[in-house]
Amino acid sequence: MDSCYPILQNCQRERVSDGAIVPVLDGCDRAAKILFIALPQLGDFDSLEYAWWLRREADRLRDHEIVLRAVGIGDRSSGEKFCDYTGFPAEALSIDPTADLHRELGLYGGLTRSWLGLRSGQSAWVNLMLMCAGLGSPGTLAEVFRGYRGDRAAPQLIADDETIDTKLLPPIKGEFFALAGGRGFQRPFELATLRLRNMVEVLSHWNRYVPDAQYMTQRGGTFVFDRAGTLLYEHRDRGILGFAANMANPLAFLDQLEPPNLNPSQAATVGDPA
């Protein structure tokens, strides 16, 4: 059994759906596999983007009989707003206001330098800006540029008949990206547009998404366990926009997992193993 599994087994946090204090792996006893995600601040780029991919790939999670559980940094109000915006299942999300679980799991805290004359939250802002510039956050700048440049190794993100409203620019039709770059892969500015939409969302509701700024630099991690608690896969984030080993296809690790030989009708839904 992986050393992280007992930590999660013994961890209780407030669940977003009902406010109950429950084990973070509540309801996973019968799951063939558990996908546990320690999300950074719920207003973080990584949290919002990861949730988008999880919703997009929900059928793959069901095919692999994987039950999803996550803990994010914030309060219940943060969690409710996060779930409303991203579609993340509120029954699968618990919150940790002070990132204690992240530290217990040994996840990267990001830059945590104290700056003379600044309070902890203000220092976190300086550290976050340095990380956005690539300091103490390997791969961040390259990933930002990939969002603008496009990536032929990544799938198309926006359908031709989809409209993206960033609230900052006029609504953009998906077919615009087809005209600008083609189809069947991530086109130039396609990912950057989705990230802009996320940024506007968070900045418009900043105090709700980020009730305590001092934990903004804390990074997350991804863990997959089997029924016995054996670790099948893990990824520990090393920087901003580094929530996956393969950012072009963040859930590519699912291809490493053998799907169970179960009748599809027995498959558990995302967030509900029953």
# chains A, B, ... in the order shown; residues from 1 in each chain; ligands from 1

$ select_by_dssp --residues "region 118-248 of chain A" --states "helix (DSSP H, G or I)" --output "PyMOL selection string"
chain A and resi 120-132+140-149+174-181+190-204+206-209+213-215

$ write_last_selection --atoms "N, CA and C atoms" --output "compact mmCIF listing (two decimals), in the first residue's frame"
# COMPACT_ATOMS: atom_id res chain seq x y z
N SER A 120 1.61 37.92 4.96
CA SER A 120 1.74 36.62 4.30
C SER A 120 1.01 36.57 2.97
N GLY A 121 -0.20 37.12 2.93
CA GLY A 121 -0.95 37.13 1.68
C GLY A 121 -0.30 37.99 0.61
N GLN A 122 0.28 39.11 1.02
CA GLN A 122 0.96 39.99 0.08
C GLN A 122 2.24 39.34 -0.44
N SER A 123 2.96 38.67 0.44
CA SER A 123 4.16 37.94 0.00
C SER A 123 3.79 36.85 -0.99
N ALA A 124 2.66 36.20 -0.75
CA ALA A 124 2.21 35.14 -1.67
C ALA A 124 1.96 35.70 -3.07
N TRP A 125 1.44 36.94 -3.13
CA TRP A 125 1.22 37.56 -4.44
C TRP A 125 2.54 37.76 -5.17
N VAL A 126 3.55 38.25 -4.48
CA VAL A 126 4.86 38.45 -5.10
C VAL A 126 5.42 37.11 -5.57
N ASN A 127 5.33 36.10 -4.71
CA ASN A 127 5.84 34.78 -5.06
C ASN A 127 5.08 34.19 -6.25
N LEU A 128 3.77 34.43 -6.29
CA LEU A 128 2.97 33.92 -7.41
C LEU A 128 3.39 34.57 -8.72
N MET A 129 3.63 35.87 -8.70
CA MET A 129 4.04 36.56 -9.91
C MET A 129 5.40 36.04 -10.39
N LEU A 130 6.30 35.77 -9.46
CA LEU A 130 7.60 35.21 -9.83
C LEU A 130 7.44 33.83 -10.44
N MET A 131 6.52 33.04 -9.90
CA MET A 131 6.27 31.71 -10.46
C MET A 131 5.67 31.81 -11.86
N CYS A 132 4.78 32.78 -12.06
CA CYS A 132 4.20 32.98 -13.40
C CYS A 132 5.27 33.35 -14.41
N THR A 140 6.38 26.58 -16.84
CA THR A 140 5.21 27.46 -16.90
C THR A 140 5.22 28.34 -18.15
N LEU A 141 6.33 28.99 -18.43
CA LEU A 141 6.37 29.88 -19.59
C LEU A 141 6.17 29.13 -20.90
N ALA A 142 6.77 27.95 -21.01
CA ALA A 142 6.60 27.15 -22.22
C ALA A 142 5.14 26.75 -22.40
N GLU A 143 4.46 26.46 -21.29
CA GLU A 143 3.06 26.07 -21.37
C GLU A 143 2.17 27.25 -21.73
N VAL A 144 2.50 28.42 -21.22
CA VAL A 144 1.76 29.63 -21.60
C VAL A 144 1.88 29.86 -23.10
N PHE A 145 3.11 29.78 -23.62
CA PHE A 145 3.32 29.99 -25.04
C PHE A 145 2.62 28.93 -25.89
N ARG A 146 2.56 27.70 -25.39
CA ARG A 146 1.86 26.64 -26.13
C ARG A 146 0.39 26.97 -26.29
N GLY A 147 -0.18 27.65 -25.29
CA GLY A 147 -1.58 28.03 -25.38
C GLY A 147 -1.84 29.03 -26.50
N TYR A 148 -0.85 29.86 -26.79
CA TYR A 148 -0.98 30.83 -27.89
C TYR A 148 -0.57 30.23 -29.22
N ARG A 149 0.49 29.41 -29.18
CA ARG A 149 1.08 28.89 -30.42
C ARG A 149 0.24 27.79 -31.06
N GLY A 174 -16.50 28.84 -32.47
CA GLY A 174 -15.48 27.83 -32.63
C GLY A 174 -14.95 27.74 -34.05
N GLU A 175 -15.81 28.03 -35.02
CA GLU A 175 -15.38 27.93 -36.41
C GLU A 175 -14.30 28.96 -36.75
N PHE A 176 -14.17 30.00 -35.92
CA PHE A 176 -13.10 30.98 -36.12
C PHE A 176 -11.74 30.30 -36.07
N PHE A 177 -11.57 29.39 -35.11
CA PHE A 177 -10.29 28.71 -34.97
C PHE A 177 -10.03 27.76 -36.13
N ALA A 178 -11.11 27.21 -36.71
CA ALA A 178 -10.95 26.36 -37.89
C ALA A 178 -10.45 27.19 -39.07
N LEU A 179 -10.99 28.39 -39.21
CA LEU A 179 -10.55 29.26 -40.30
C LEU A 179 -9.11 29.71 -40.10
N ALA A 180 -8.74 29.89 -38.82
CA ALA A 180 -7.41 30.40 -38.52
C ALA A 180 -6.33 29.33 -38.55
N GLY A 181 -6.73 28.07 -38.28
CA GLY A 181 -5.68 27.06 -38.16
C GLY A 181 -6.01 25.68 -38.64
N GLU A 190 -6.34 28.90 -29.25
CA GLU A 190 -7.52 28.17 -28.79
C GLU A 190 -7.46 27.96 -27.26
N LEU A 191 -6.37 27.39 -26.79
CA LEU A 191 -6.23 27.17 -25.35
C LEU A 191 -6.12 28.49 -24.60
N ALA A 192 -5.43 29.45 -25.19
CA ALA A 192 -5.30 30.76 -24.55
C ALA A 192 -6.66 31.41 -24.34
N THR A 193 -7.59 31.18 -25.26
CA THR A 193 -8.94 31.74 -25.13
C THR A 193 -9.68 31.11 -23.96
N LEU A 194 -9.55 29.80 -23.80
CA LEU A 194 -10.18 29.13 -22.66
C LEU A 194 -9.57 29.61 -21.35
N ARG A 195 -8.27 29.83 -21.36
CA ARG A 195 -7.61 30.32 -20.14
C ARG A 195 -8.01 31.75 -19.83
N LEU A 196 -8.22 32.55 -20.86
CA LEU A 196 -8.69 33.92 -20.65
C LEU A 196 -10.07 33.91 -20.01
N ARG A 197 -10.93 33.03 -20.48
CA ARG A 197 -12.27 32.91 -19.90
C ARG A 197 -12.18 32.56 -18.41
N ASN A 198 -11.29 31.62 -18.08
CA ASN A 198 -11.11 31.25 -16.67
C ASN A 198 -10.58 32.42 -15.85
N MET A 199 -9.64 33.15 -16.41
CA MET A 199 -9.05 34.27 -15.68
C MET A 199 -10.10 35.33 -15.38
N VAL A 200 -10.92 35.66 -16.36
CA VAL A 200 -11.96 36.66 -16.15
C VAL A 200 -12.96 36.19 -15.10
N GLU A 201 -13.30 34.91 -15.15
CA GLU A 201 -14.22 34.34 -14.16
C GLU A 201 -13.67 34.51 -12.74
N VAL A 202 -12.42 34.15 -12.55
CA VAL A 202 -11.84 34.22 -11.21
C VAL A 202 -11.69 35.66 -10.74
N LEU A 203 -11.17 36.52 -11.59
CA LEU A 203 -10.98 37.92 -11.19
C LEU A 203 -12.31 38.61 -10.90
N SER A 204 -13.36 38.16 -11.54
CA SER A 204 -14.69 38.75 -11.32
C SER A 204 -15.28 38.32 -9.98
N TRP A 206 -13.10 37.21 -7.22
CA TRP A 206 -11.83 36.86 -6.58
C TRP A 206 -11.97 36.48 -5.11
N ASN A 207 -12.65 37.28 -4.32
CA ASN A 207 -12.73 37.02 -2.89
C ASN A 207 -13.47 35.72 -2.58
N ARG A 208 -14.34 35.33 -3.47
CA ARG A 208 -15.04 34.06 -3.24
C ARG A 208 -14.15 32.87 -3.59
N TYR A 209 -13.44 32.96 -4.71
CA TYR A 209 -12.56 31.87 -5.11
C TYR A 209 -11.34 31.76 -4.20
N ALA A 213 -5.32 34.44 0.53
CA ALA A 213 -4.33 34.47 -0.55
C ALA A 213 -3.01 33.82 -0.18
N GLN A 214 -2.76 33.57 1.09
CA GLN A 214 -1.43 33.10 1.48
C GLN A 214 -1.11 31.69 0.97
N TYR A 215 -2.12 30.96 0.46
CA TYR A 215 -1.87 29.61 -0.03
C TYR A 215 -1.86 29.53 -1.56

$ closest_residue --among "A:Gly220, A:Gly109, A:Gly239, A:Gly27" --to "Gln9 (chain A)" --atoms "only C-alpha atoms"
A:Gly27

$ residues_around --residues "Val67 (chain A)" --least-positions-apart "2" --cutoff "12 Å" --atoms "only C-alpha atoms" --output "ChimeraX atom specification"
/A:25-37,54,58-65,69-70,89,91-93,223-227,267-274

$ atom_distance --atom1 "CA of Leu251 (chain A)" --atom2 "CA of Val210 (chain A)"
26.1 Å

$ closest_residue --among "A:Gly136, A:Arg187, A:Leu107, A:Ser114" --to "Asp160 (chain A)" --atoms "only C-alpha atoms"
A:Arg187

$ atom_distance --atom1 "CA of Asp46 (chain A)" --atom2 "CA of Phe243 (chain A)"
6.1 Å

$ residues_around --residues "Gln12 (chain A)" --least-positions-apart "5" --cutoff "9 Å" --atoms "only C-alpha atoms" --output "PyMOL selection string"
chain A and resi 21-26+94

$ select_by_dssp --residues "region 32-154 of chain A" --states "strand (DSSP E or B)" --output "list in words"
Lys33, Ile34, Leu35, Phe36, Ile37, Ala38, Leu39, Pro40, Gln41, Ile66, Val67, Leu68, Arg69, Ala70, Val71, Gly72, Ile73, Leu93, Ser94, Ile95 and Asp151 of chain A

$ write_last_selection --atoms "N, CA, C and O atoms" --output "PDB file, in the first residue's frame"
ATOM      1  N   LYS A  33     -11.160   1.549  -8.954  1.00  0.00           N
ATOM      2  CA  LYS A  33     -10.012   2.460  -8.925  1.00  0.00           C
ATOM      3  C   LYS A  33     -10.490   3.809  -8.381  1.00  0.00           C
ATOM      4  O   LYS A  33     -11.637   4.208  -8.590  1.00  0.00           O
ATOM      5  N   ILE A  34      -9.588   4.494  -7.720  1.00  0.00           N
ATOM      6  CA  ILE A  34      -9.873   5.821  -7.174  1.00  0.00           C
ATOM      7  C   ILE A  34      -8.900   6.811  -7.794  1.00  0.00           C
ATOM      8  O   ILE A  34      -7.682   6.624  -7.741  1.00  0.00           O
ATOM      9  N   LEU A  35      -9.435   7.853  -8.385  1.00  0.00           N
ATOM     10  CA  LEU A  35      -8.634   8.976  -8.855  1.00  0.00           C
ATOM     11  C   LEU A  35      -8.775  10.075  -7.822  1.00  0.00           C
ATOM     12  O   LEU A  35      -9.848  10.664  -7.655  1.00  0.00           O
ATOM     13  N   PHE A  36      -7.695  10.336  -7.092  1.00  0.00           N
ATOM     14  CA  PHE A  36      -7.716  11.399  -6.091  1.00  0.00           C
ATOM     15  C   PHE A  36      -6.845  12.557  -6.586  1.00  0.00           C
ATOM     16  O   PHE A  36      -5.693  12.357  -6.965  1.00  0.00           O
ATOM     17  N   ILE A  37      -7.409  13.751  -6.534  1.00  0.00           N
ATOM     18  CA  ILE A  37      -6.696  14.941  -6.981  1.00  0.00           C
ATOM     19  C   ILE A  37      -6.642  15.955  -5.851  1.00  0.00           C
ATOM     20  O   ILE A  37      -7.678  16.344  -5.301  1.00  0.00           O
ATOM     21  N   ALA A  38      -5.444  16.356  -5.489  1.00  0.00           N
ATOM     22  CA  ALA A  38      -5.259  17.482  -4.584  1.00  0.00           C
ATOM     23  C   ALA A  38      -5.136  18.720  -5.466  1.00  0.00           C
ATOM     24  O   ALA A  38      -4.116  18.921  -6.127  1.00  0.00           O
ATOM     25  N   LEU A  39      -6.180  19.509  -5.513  1.00  0.00           N
ATOM     26  CA  LEU A  39      -6.192  20.711  -6.325  1.00  0.00           C
ATOM     27  C   LEU A  39      -5.543  21.856  -5.559  1.00  0.00           C
ATOM     28  O   LEU A  39      -5.670  21.939  -4.334  1.00  0.00           O
ATOM     29  N   PRO A  40      -4.857  22.753  -6.249  1.00  0.00           N
ATOM     30  CA  PRO A  40      -4.396  23.969  -5.572  1.00  0.00           C
ATOM     31  C   PRO A  40      -5.580  24.878  -5.248  1.00  0.00           C
ATOM     32  O   PRO A  40      -6.722  24.403  -5.179  1.00  0.00           O
ATOM     33  N   GLN A  41      -5.335  26.149  -5.022  1.00  0.00           N
ATOM     34  CA  GLN A  41      -6.424  27.081  -4.751  1.00  0.00           C
ATOM     35  C   GLN A  41      -7.503  26.907  -5.818  1.00  0.00           C
ATOM     36  O   GLN A  41      -7.204  26.744  -7.010  1.00  0.00           O
ATOM     37  N   ILE A  66     -13.498   4.266 -12.684  1.00  0.00           N
ATOM     38  CA  ILE A  66     -12.744   5.121 -11.774  1.00  0.00           C
ATOM     39  C   ILE A  66     -13.700   6.063 -11.049  1.00  0.00           C
ATOM     40  O   ILE A  66     -14.533   6.715 -11.675  1.00  0.00           O
ATOM     41  N   VAL A  67     -13.565   6.121  -9.732  1.00  0.00           N
ATOM     42  CA  VAL A  67     -14.332   7.065  -8.924  1.00  0.00           C
ATOM     43  C   VAL A  67     -13.435   8.249  -8.597  1.00  0.00           C
ATOM     44  O   VAL A  67     -12.274   8.086  -8.201  1.00  0.00           O
ATOM     45  N   LEU A  68     -13.972   9.426  -8.768  1.00  0.00           N
ATOM     46  CA  LEU A  68     -13.220  10.666  -8.595  1.00  0.00           C
ATOM     47  C   LEU A  68     -13.469  11.272  -7.227  1.00  0.00           C
ATOM     48  O   LEU A  68     -14.621  11.391  -6.783  1.00  0.00           O
ATOM     49  N   ARG A  69     -12.384  11.653  -6.566  1.00  0.00           N
ATOM     50  CA  ARG A  69     -12.455  12.445  -5.338  1.00  0.00           C
ATOM     51  C   ARG A  69     -11.366  13.513  -5.393  1.00  0.00           C
ATOM     52  O   ARG A  69     -10.287  13.270  -5.932  1.00  0.00           O
ATOM     53  N   ALA A  70     -11.653  14.674  -4.826  1.00  0.00           N
ATOM     54  CA  ALA A  70     -10.687  15.769  -4.856  1.00  0.00           C
ATOM     55  C   ALA A  70     -10.807  16.615  -3.606  1.00  0.00           C
ATOM     56  O   ALA A  70     -11.877  16.689  -2.979  1.00  0.00           O
ATOM     57  N   VAL A  71      -9.707  17.254  -3.256  1.00  0.00           N
ATOM     58  CA  VAL A  71      -9.681  18.258  -2.190  1.00  0.00           C
ATOM     59  C   VAL A  71      -9.028  19.502  -2.777  1.00  0.00           C
ATOM     60  O   VAL A  71      -7.961  19.423  -3.392  1.00  0.00           O
ATOM     61  N   GLY A  72      -9.683  20.639  -2.628  1.00  0.00           N
ATOM     62  CA  GLY A  72      -9.138  21.896  -3.124  1.00  0.00           C
ATOM     63  C   GLY A  72      -8.975  22.901  -2.003  1.00  0.00           C
ATOM     64  O   GLY A  72      -9.627  22.798  -0.953  1.00  0.00           O
ATOM     65  N   ILE A  73      -8.128  23.890  -2.215  1.00  0.00           N
ATOM     66  CA  ILE A  73      -7.864  24.904  -1.202  1.00  0.00           C
ATOM     67  C   ILE A  73      -8.902  26.021  -1.330  1.00  0.00           C
ATOM     68  O   ILE A  73      -9.069  26.612  -2.400  1.00  0.00           O
ATOM     69  N   LEU A  93     -16.045  16.701  -4.187  1.00  0.00           N
ATOM     70  CA  LEU A  93     -15.065  17.725  -3.820  1.00  0.00           C
ATOM     71  C   LEU A  93     -15.184  18.093  -2.350  1.00  0.00           C
ATOM     72  O   LEU A  93     -16.275  18.407  -1.860  1.00  0.00           O
ATOM     73  N   SER A  94     -14.054  18.051  -1.657  1.00  0.00           N
ATOM     74  CA  SER A  94     -13.958  18.557  -0.290  1.00  0.00           C
ATOM     75  C   SER A  94     -12.971  19.719  -0.287  1.00  0.00           C
ATOM     76  O   SER A  94     -12.199  19.902  -1.227  1.00  0.00           O
ATOM     77  N   ILE A  95     -13.013  20.492   0.788  1.00  0.00           N
ATOM     78  CA  ILE A  95     -12.164  21.674   0.821  1.00  0.00           C
ATOM     79  C   ILE A  95     -11.239  21.658   2.034  1.00  0.00           C
ATOM     80  O   ILE A  95     -11.549  21.081   3.071  1.00  0.00           O
ATOM     81  N   ASP A 151      -0.892  23.448 -30.780  1.00  0.00           N
ATOM     82  CA  ASP A 151      -0.157  22.198 -30.558  1.00  0.00           C
ATOM     83  C   ASP A 151      -0.808  21.090 -31.384  1.00  0.00           C
ATOM     84  O   ASP A 151      -1.915  20.646 -31.096  1.00  0.00           O
TER      85      ASP A 151
END

$ atom_distance --atom1 "CA of Gln156 (chain A)" --atom2 "CA of Gly184 (chain A)"
5.1 Å

$ closest_residue --among "A:Asp100, A:Leu111, A:Trp53, A:Leu48" --to "Met216 (chain A)" --atoms "only C-alpha atoms"
A:Leu111

$ closest_residue --among "A:Val16, A:Leu157, A:Leu101, A:Leu42" --to "His205 (chain A)" --atoms "only C-alpha atoms"
A:Leu42

$ closest_residue --among "A:Ala252, A:Met247, A:Phe189, A:Gln218" --to "Tyr233 (chain A)" --atoms "only C-alpha atoms"
A:Ala252

$ residues_around --residues "Ser3 (chain A)" --least-positions-apart "5" --cutoff "12 Å" --atoms "only C-alpha atoms" --output "list in words"
Leu8, Gln9, Asn10, Glu104, Leu105, Gly106, Phe223, Phe225, Gly229, Thr230 and Leu231 of chain A
